[in-house]
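This is upload-v2.cif. It holds mmCIF, C-alpha atoms.
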data_query
#
loop_
_atom_site.label_atom_id
_atom_site.label_comp_id
_atom_site.auth_asym_id
_atom_site.auth_seq_id
_atom_site.Cartn_x
_atom_site.Cartn_y
_atom_site.Cartn_z
CA MET D 855 171.82 -121.01 -42.84
CA ILE D 856 171.03 -117.69 -44.49
CA ILE D 857 171.26 -117.43 -48.27
CA PRO D 858 170.89 -113.97 -49.85
CA ALA D 859 169.69 -114.46 -53.43
CA LYS D 860 168.84 -112.35 -56.45
CA ASP D 861 167.83 -113.92 -59.76
CA GLU D 862 169.28 -117.34 -58.89
CA ALA D 863 166.33 -119.54 -59.91
CA ASP D 864 168.66 -121.82 -61.87
CA ARG D 865 170.87 -122.70 -58.87
CA ILE D 866 169.00 -121.94 -55.69
CA ALA D 867 167.22 -125.31 -55.43
CA ALA D 868 170.49 -127.23 -55.59
CA THR D 869 172.05 -124.86 -53.04
CA VAL D 870 169.14 -125.22 -50.60
CA LYS D 871 168.99 -129.01 -50.90
CA ALA D 872 172.75 -129.32 -50.40
CA ALA D 873 172.64 -126.93 -47.42
CA HIS D 874 170.06 -129.16 -45.73
CA GLU D 875 172.64 -131.96 -45.77
CA LEU D 876 175.06 -130.09 -43.50
CA PRO D 877 175.44 -131.47 -39.94
CA GLY D 878 173.28 -129.51 -37.52
CA ALA D 879 171.42 -127.75 -40.31
CA ASP D 880 167.87 -127.44 -39.05
CA LEU D 881 166.89 -124.17 -40.73
CA VAL D 882 167.61 -122.69 -44.16
CA VAL D 883 166.42 -119.12 -44.81
CA VAL D 884 166.58 -117.65 -48.31
CA VAL D 885 166.27 -113.88 -48.64
CA ASP D 886 164.92 -113.14 -52.11
CA ASP D 887 166.41 -109.70 -52.64
CA GLY D 888 164.04 -108.32 -55.27
CA SER D 889 164.47 -111.09 -57.84
CA SER D 890 162.70 -110.79 -61.18
CA ASP D 891 162.67 -114.55 -61.75
CA GLY D 892 161.25 -117.41 -59.66
CA THR D 893 164.05 -117.52 -57.08
CA GLY D 894 161.76 -117.30 -54.07
CA ARG D 895 159.27 -119.89 -55.34
CA VAL D 896 162.01 -122.36 -56.30
CA ALA D 897 163.74 -121.93 -52.93
CA ARG D 898 160.48 -122.54 -51.06
CA GLU D 899 159.79 -125.67 -53.09
CA ALA D 900 163.30 -126.89 -52.23
CA GLY D 901 162.53 -126.63 -48.50
CA ALA D 902 163.75 -123.18 -47.49
CA LYS D 903 161.96 -120.55 -45.46
CA VAL D 904 161.75 -117.55 -47.79
CA VAL D 905 161.69 -113.84 -46.96
CA ARG D 906 161.29 -111.45 -49.88
CA HIS D 907 162.37 -107.87 -50.45
CA SER D 908 159.99 -106.16 -52.87
CA ARG D 909 162.99 -104.35 -54.37
CA ASN D 910 166.70 -105.06 -54.48
CA ARG D 911 168.27 -103.69 -51.29
CA GLY D 912 171.75 -105.18 -51.52
CA LYS D 913 173.66 -107.93 -49.80
CA GLY D 914 174.13 -106.28 -46.42
CA ALA D 915 170.41 -105.62 -46.08
CA ALA D 916 169.60 -109.18 -47.17
CA MET D 917 171.92 -110.57 -44.51
CA GLU D 918 170.27 -108.43 -41.83
CA THR D 919 166.81 -109.52 -42.96
CA GLY D 920 167.80 -113.18 -42.87
CA ALA D 921 169.33 -112.87 -39.42
CA GLU D 922 166.21 -111.13 -38.10
CA ALA D 923 164.04 -113.93 -39.53
CA VAL D 924 166.17 -116.47 -37.68
CA ARG D 925 165.88 -114.41 -34.48
CA LEU D 926 162.10 -114.54 -34.72
CA LEU D 927 162.14 -118.27 -35.37
CA ASP D 928 164.53 -118.70 -32.42
CA ASP D 929 161.98 -117.22 -30.03
CA GLY D 930 161.68 -119.61 -27.09
CA ARG D 931 165.00 -121.37 -27.68
CA ASP D 932 167.47 -121.54 -24.79
CA GLN D 933 170.40 -120.66 -27.06
CA PRO D 934 170.29 -118.66 -30.31
CA ARG D 935 171.44 -120.41 -33.45
CA HIS D 936 174.82 -119.71 -34.98
CA LEU D 937 174.50 -118.09 -38.41
CA LEU D 938 176.04 -119.60 -41.55
CA PHE D 939 175.89 -117.34 -44.59
CA LEU D 940 176.14 -118.98 -48.01
CA ASP D 941 176.01 -117.60 -51.54
CA ALA D 942 173.03 -118.68 -53.61
CA ASP D 943 175.09 -120.00 -56.53
CA LEU D 944 177.10 -122.65 -54.64
CA ALA D 945 174.71 -125.35 -55.89
CA GLU D 946 175.73 -128.88 -54.86
CA THR D 947 179.04 -127.73 -53.33
CA ALA D 948 177.12 -126.12 -50.45
CA ARG D 949 177.11 -129.52 -48.74
CA ASP D 950 180.87 -129.12 -48.22
CA ALA D 951 180.56 -126.03 -46.00
CA ALA D 952 180.65 -128.01 -42.74
CA PRO D 953 184.29 -127.14 -41.88
CA LEU D 954 183.23 -123.49 -41.63
CA THR D 955 180.90 -124.26 -38.74
CA GLU D 956 183.22 -126.44 -36.68
CA PRO D 957 185.46 -123.77 -35.04
CA VAL D 958 182.38 -121.69 -34.16
CA ARG D 959 180.44 -124.63 -32.75
CA ALA D 960 183.52 -125.66 -30.74
CA GLY D 961 183.89 -122.17 -29.27
CA GLU D 962 187.26 -121.62 -30.96
CA ALA D 963 186.21 -118.74 -33.23
CA ASP D 964 183.53 -116.07 -33.35
CA MET D 965 183.56 -115.81 -37.15
CA THR D 966 185.01 -118.08 -39.81
CA ILE D 967 185.66 -117.07 -43.42
CA ALA D 968 185.90 -119.57 -46.26
CA VAL D 969 189.00 -119.91 -48.39
CA PHE D 970 188.04 -121.88 -51.49
CA THR D 971 190.34 -124.77 -52.33
CA THR D 972 188.71 -125.04 -55.76
CA THR D 973 190.21 -122.57 -58.20
CA VAL D 974 187.64 -120.49 -60.05
CA LYS D 975 188.63 -118.11 -62.84
CA LEU D 976 187.39 -114.75 -61.59
CA GLY D 977 187.89 -112.76 -64.77
CA GLY D 978 190.11 -110.11 -63.22
CA HIS D 979 188.42 -108.75 -60.09
CA GLY D 980 191.70 -109.11 -58.14
CA PHE D 981 191.97 -105.33 -57.80
CA VAL D 982 188.89 -105.35 -55.54
CA VAL D 983 190.37 -108.17 -53.46
CA ARG D 984 193.59 -106.16 -53.06
CA LEU D 985 191.65 -103.07 -52.04
CA SER D 986 189.81 -105.03 -49.36
CA ARG D 987 192.86 -106.95 -48.15
CA ASP D 988 195.02 -103.84 -47.90
CA GLY D 989 192.25 -101.94 -46.09
CA ILE D 990 191.75 -104.72 -43.55
CA ARG D 991 195.49 -104.89 -42.92
CA ARG D 992 195.75 -101.14 -42.39
CA ALA D 993 192.75 -101.11 -40.05
CA THR D 994 193.55 -104.21 -37.98
CA GLY D 995 196.99 -105.59 -38.82
CA TRP D 996 195.41 -108.88 -39.98
CA GLU D 997 196.24 -110.31 -43.42
CA ALA D 998 193.17 -111.91 -45.01
CA THR D 999 193.53 -114.54 -47.71
CA ALA D 1000 189.93 -114.25 -48.96
CA PRO D 1001 188.64 -110.90 -47.69
CA LEU D 1002 185.59 -110.82 -49.98
CA ASN D 1003 184.39 -114.37 -49.43
CA GLY D 1004 180.73 -114.35 -48.41
CA GLN D 1005 180.75 -117.84 -46.93
CA ARG D 1006 180.94 -117.09 -43.20
CA CYS D 1007 179.78 -118.62 -39.94
CA LEU D 1008 179.20 -116.32 -36.96
CA THR D 1009 177.93 -116.56 -33.45
CA ARG D 1010 174.79 -114.52 -32.87
CA ALA D 1011 176.77 -112.30 -30.48
CA ALA D 1012 179.38 -111.53 -33.14
CA PHE D 1013 176.76 -110.77 -35.76
CA ASP D 1014 174.85 -108.44 -33.45
CA ALA D 1015 178.09 -106.63 -32.53
CA ALA D 1016 178.64 -105.77 -36.20
CA LEU D 1017 175.23 -104.16 -36.73
CA PRO D 1018 174.33 -102.17 -38.69
CA LEU D 1019 176.09 -103.94 -41.54
CA ALA D 1020 177.79 -102.00 -44.29
CA PRO D 1021 175.63 -101.71 -47.41
CA GLY D 1022 176.04 -103.71 -50.58
CA PHE D 1023 179.28 -105.49 -51.37
CA GLY D 1024 181.19 -103.68 -48.63
CA VAL D 1025 179.64 -105.94 -46.01
CA GLU D 1026 182.38 -108.60 -45.86
CA THR D 1027 185.23 -106.10 -45.55
CA ALA D 1028 183.39 -104.14 -42.88
CA LEU D 1029 182.40 -107.26 -40.93
CA THR D 1030 186.02 -108.36 -40.68
CA ILE D 1031 187.30 -104.96 -39.57
CA ASP D 1032 184.51 -104.29 -37.09
CA LEU D 1033 184.76 -107.67 -35.36
CA LEU D 1034 188.55 -107.70 -35.17
CA ARG D 1035 188.56 -104.20 -33.70
CA GLN D 1036 186.14 -105.37 -31.01
CA GLY D 1037 188.32 -108.33 -30.08
CA PHE D 1038 186.30 -111.11 -31.70
CA ARG D 1039 188.21 -114.14 -32.96
CA VAL D 1040 188.26 -114.45 -36.75
CA ARG D 1041 189.62 -117.50 -38.56
CA GLU D 1042 189.89 -118.50 -42.21
CA VAL D 1043 189.02 -122.10 -43.09
CA GLU D 1044 189.74 -123.95 -46.32
CA VAL D 1045 186.64 -125.49 -47.86
CA PRO D 1046 186.05 -127.24 -51.23
CA LEU D 1047 183.27 -124.88 -52.30
CA ALA D 1048 182.81 -123.30 -55.72
CA HIS D 1049 180.47 -120.69 -57.11
CA ARG D 1050 179.78 -119.34 -60.57
CA ALA D 1051 182.84 -117.77 -62.15
CA THR D 1052 182.67 -114.05 -62.81
CA GLY D 1053 182.67 -113.31 -66.53
CA THR D 1054 184.29 -110.55 -68.57
CA ASP D 1055 181.26 -109.04 -70.28
CA TRP D 1056 179.98 -105.53 -69.54
CA ARG D 1057 177.58 -106.76 -66.83
CA SER D 1058 180.48 -108.44 -65.03
CA GLN D 1059 182.59 -105.31 -65.32
CA LEU D 1060 179.72 -103.26 -63.90
CA HIS D 1061 179.45 -105.74 -61.02
CA ARG D 1062 183.15 -105.26 -60.24
CA ALA D 1063 182.79 -101.50 -60.35
CA ARG D 1064 179.97 -101.72 -57.81
CA GLN D 1065 182.07 -104.02 -55.64
CA PHE D 1066 184.95 -101.56 -55.75
CA ARG D 1067 182.65 -98.64 -54.88
CA ASP D 1068 181.05 -100.45 -51.93
CA VAL D 1069 184.35 -101.74 -50.53
CA ALA D 1070 185.90 -98.28 -50.85
CA ARG D 1071 182.97 -96.73 -49.01
CA ALA D 1072 183.17 -99.30 -46.23
CA LEU D 1073 186.89 -98.63 -45.80
CA ALA D 1074 186.43 -94.86 -45.91
CA ALA D 1075 183.90 -95.05 -43.10
CA ARG D 1076 186.43 -97.00 -41.00
CA GLU D 1077 189.54 -94.96 -41.77
CA PRO D 1078 189.12 -91.42 -40.37
CA ALA D 1079 191.84 -89.93 -42.56
CA VAL D 1080 190.20 -91.29 -45.71
CA ALA D 1081 186.75 -90.19 -44.56
CA ARG D 1082 188.00 -86.65 -43.91
CA GLY D 1083 189.57 -86.54 -47.36
CA VAL D 1084 186.32 -87.66 -48.97
CA ASP D 1085 184.39 -85.00 -47.01
CA ARG D 1086 186.83 -82.29 -48.15
CA LEU D 1087 186.52 -83.42 -51.75
CA ARG D 1088 182.73 -83.30 -51.55
CA GLY D 1089 182.92 -79.83 -50.03
CA ARG D 1090 184.95 -78.55 -53.00
CA ARG D 1091 182.39 -79.93 -55.45
CA ARG D 1092 179.45 -78.14 -53.81
#

Written as structure tokens, how would this file's structure read?
Amino acid sequence: MIIPAKDEADRIAATVKAAHELPGADLVVVVDDGSSDGTGRVAREAGAKVVRHSRNRGKGAAMETGAEAVRLLDDGRDQPRHLLFLDADLAETARDAAPLTEPVRAGEADMTIAVFTTTVKLGGHGFVVRLSRDGIRRATGWEATAPLNGQRCLTRAAFDAALPLAPGFGVETALTIDLLRQGFRVREVEVPLAHRATGTDWRSQLHRARQFRDVARALAAREPAVARGVDRLRGRRR
């Protein structure tokens, strides 16, 4: 399991301990992505292997760092581990992520995406979900229920095929498009997980704006017509 984390000292211990309870979970790696609190220390005390970024580099970079750490730890193994990505704020519900791994371990899917069965009030970031869902449908023809969900299990081959990952919050949208276009099997799985609800204060609104920006950039890079339009617009501004 790979858990990207930034300033999650209040929840990371519960998430790590719950992740260790998952069937087949023999390694939990936390990537402390430039936290200003004790996230890394708390995660290590809870039993995780911790890799730290000295500055915040974004979710995509944290996922790549975690996967590379697992690759190094896999040295000498006959088969590379599958990769289960979990958000740091799942807390105790992380123990319920097992259904995500089952289709991958059974060879029935190359990537699974969680669909939360627990309703969480998201404070109005549905416009980012629609942007991602519509972009994935245009690019691949596939209709995603939870296009932005970060809870995903992948084979090592699928993960490597998607490298380099899109930066920031565009990583989930790009992962889905890139793997589907290459013929990998993607499946959504309902799981009873729950993370911290997104608020409505200015910090939450700024977070949504960054999400929208990163998803839009990921889509633009994968839709030639959009990318050309962006390039023309930039040319006019110079």

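Across D:Ala1072, D:Ala897, D:Ala879, D:Ala915, the tightest approach to D:Glu862 is made by D:Ala897 when counting all atoms listed in the file.
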
Please measure the separation of atom CA of D:Val924 and atom CA of D:Pro1001, giving the value in Å to one decimal. 25.2 Å

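The smallest atom-to-atom distance between D:Ile967 and any of D:Met855, D:Leu1034, D:Ala1063, D:Ala1000, using all atoms listed in the file, is found for D:Ala1000.
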
For each of D:Leu985, D:Val882, D:Leu1008, D:Ala952, take the minimum atom-to-atom distance to D:Phe1066, counting only C-alpha atoms, then give the residue where this is smallest. D:Leu985

Polymer residues at most 10 Å from stretch 949-951 of chain D, only C-alpha atoms, same-chain spacing of 2 or more positions, as a ChimeraX atom specification: /D:868-877,938-940,944-947,953-956,968,1005-1007,1043-1048

With all atoms listed in the file as the basis for distance, which of D:Leu881, D:Val896, D:Leu1019, D:Ala942 is at the shortest distance from D:Ala859?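 Of the candidates, the smallest distance to D:Ala859 is held by D:Ala942.
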
Distance of atom CA of D:Asp988 from atom CA of D:Gly1004, expressed in Å to one decimal place: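 Taking atom CA of D:Gly1004 as the start and atom CA of D:Asp988 as the end point, the length is 17.7 Å.
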
Reference answer for the PyMOL selection byres ((chain D and resi 901-913) around 10), as an MDAnalysis selection string: chainID D and resid 855:860 866:867 870:871 873:874 881:890 893:900 914:920 923:924 1004 1019:1026

Rounded to one decimal, what separation in Å do you get between atom CA of D:Thr999 and atom CA of D:Arg865? 26.5 Å

With all atoms listed in the file as the counted atoms, please give the residues lying no more than 10 Å from D:Gln1036, apart from itself and same-chain residues fewer than 5 positions off, as a list in words.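 Contacts, in chain order: Ala1012, Ala1015, Ala1016 and Ile1031 of chain D.
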
Spatial neighbours of D:Ala1070, max dist 10 Å, all atoms listed in the file, sep filter under 2 positions, as a compact mmCIF listing (two decimals) with C-alpha atoms, keeping the file's coordinate frame:
# COMPACT_ATOMS: atom_id res chain seq x y z
CA VAL D 982 188.89 -105.35 -55.54
CA LEU D 985 191.65 -103.07 -52.04
CA SER D 986 189.81 -105.03 -49.36
CA GLY D 989 192.25 -101.94 -46.09
CA PHE D 1023 179.28 -105.49 -51.37
CA GLY D 1024 181.19 -103.68 -48.63
CA THR D 1027 185.23 -106.10 -45.55
CA ARG D 1064 179.97 -101.72 -57.81
CA GLN D 1065 182.07 -104.02 -55.64
CA PHE D 1066 184.95 -101.56 -55.75
CA ARG D 1067 182.65 -98.64 -54.88
CA ASP D 1068 181.05 -100.45 -51.93
CA ALA D 1072 183.17 -99.30 -46.23
CA LEU D 1073 186.89 -98.63 -45.80
CA ALA D 1074 186.43 -94.86 -45.91
CA ALA D 1075 183.90 -95.05 -43.10
CA ARG D 1076 186.43 -97.00 -41.00
CA VAL D 1080 190.20 -91.29 -45.71
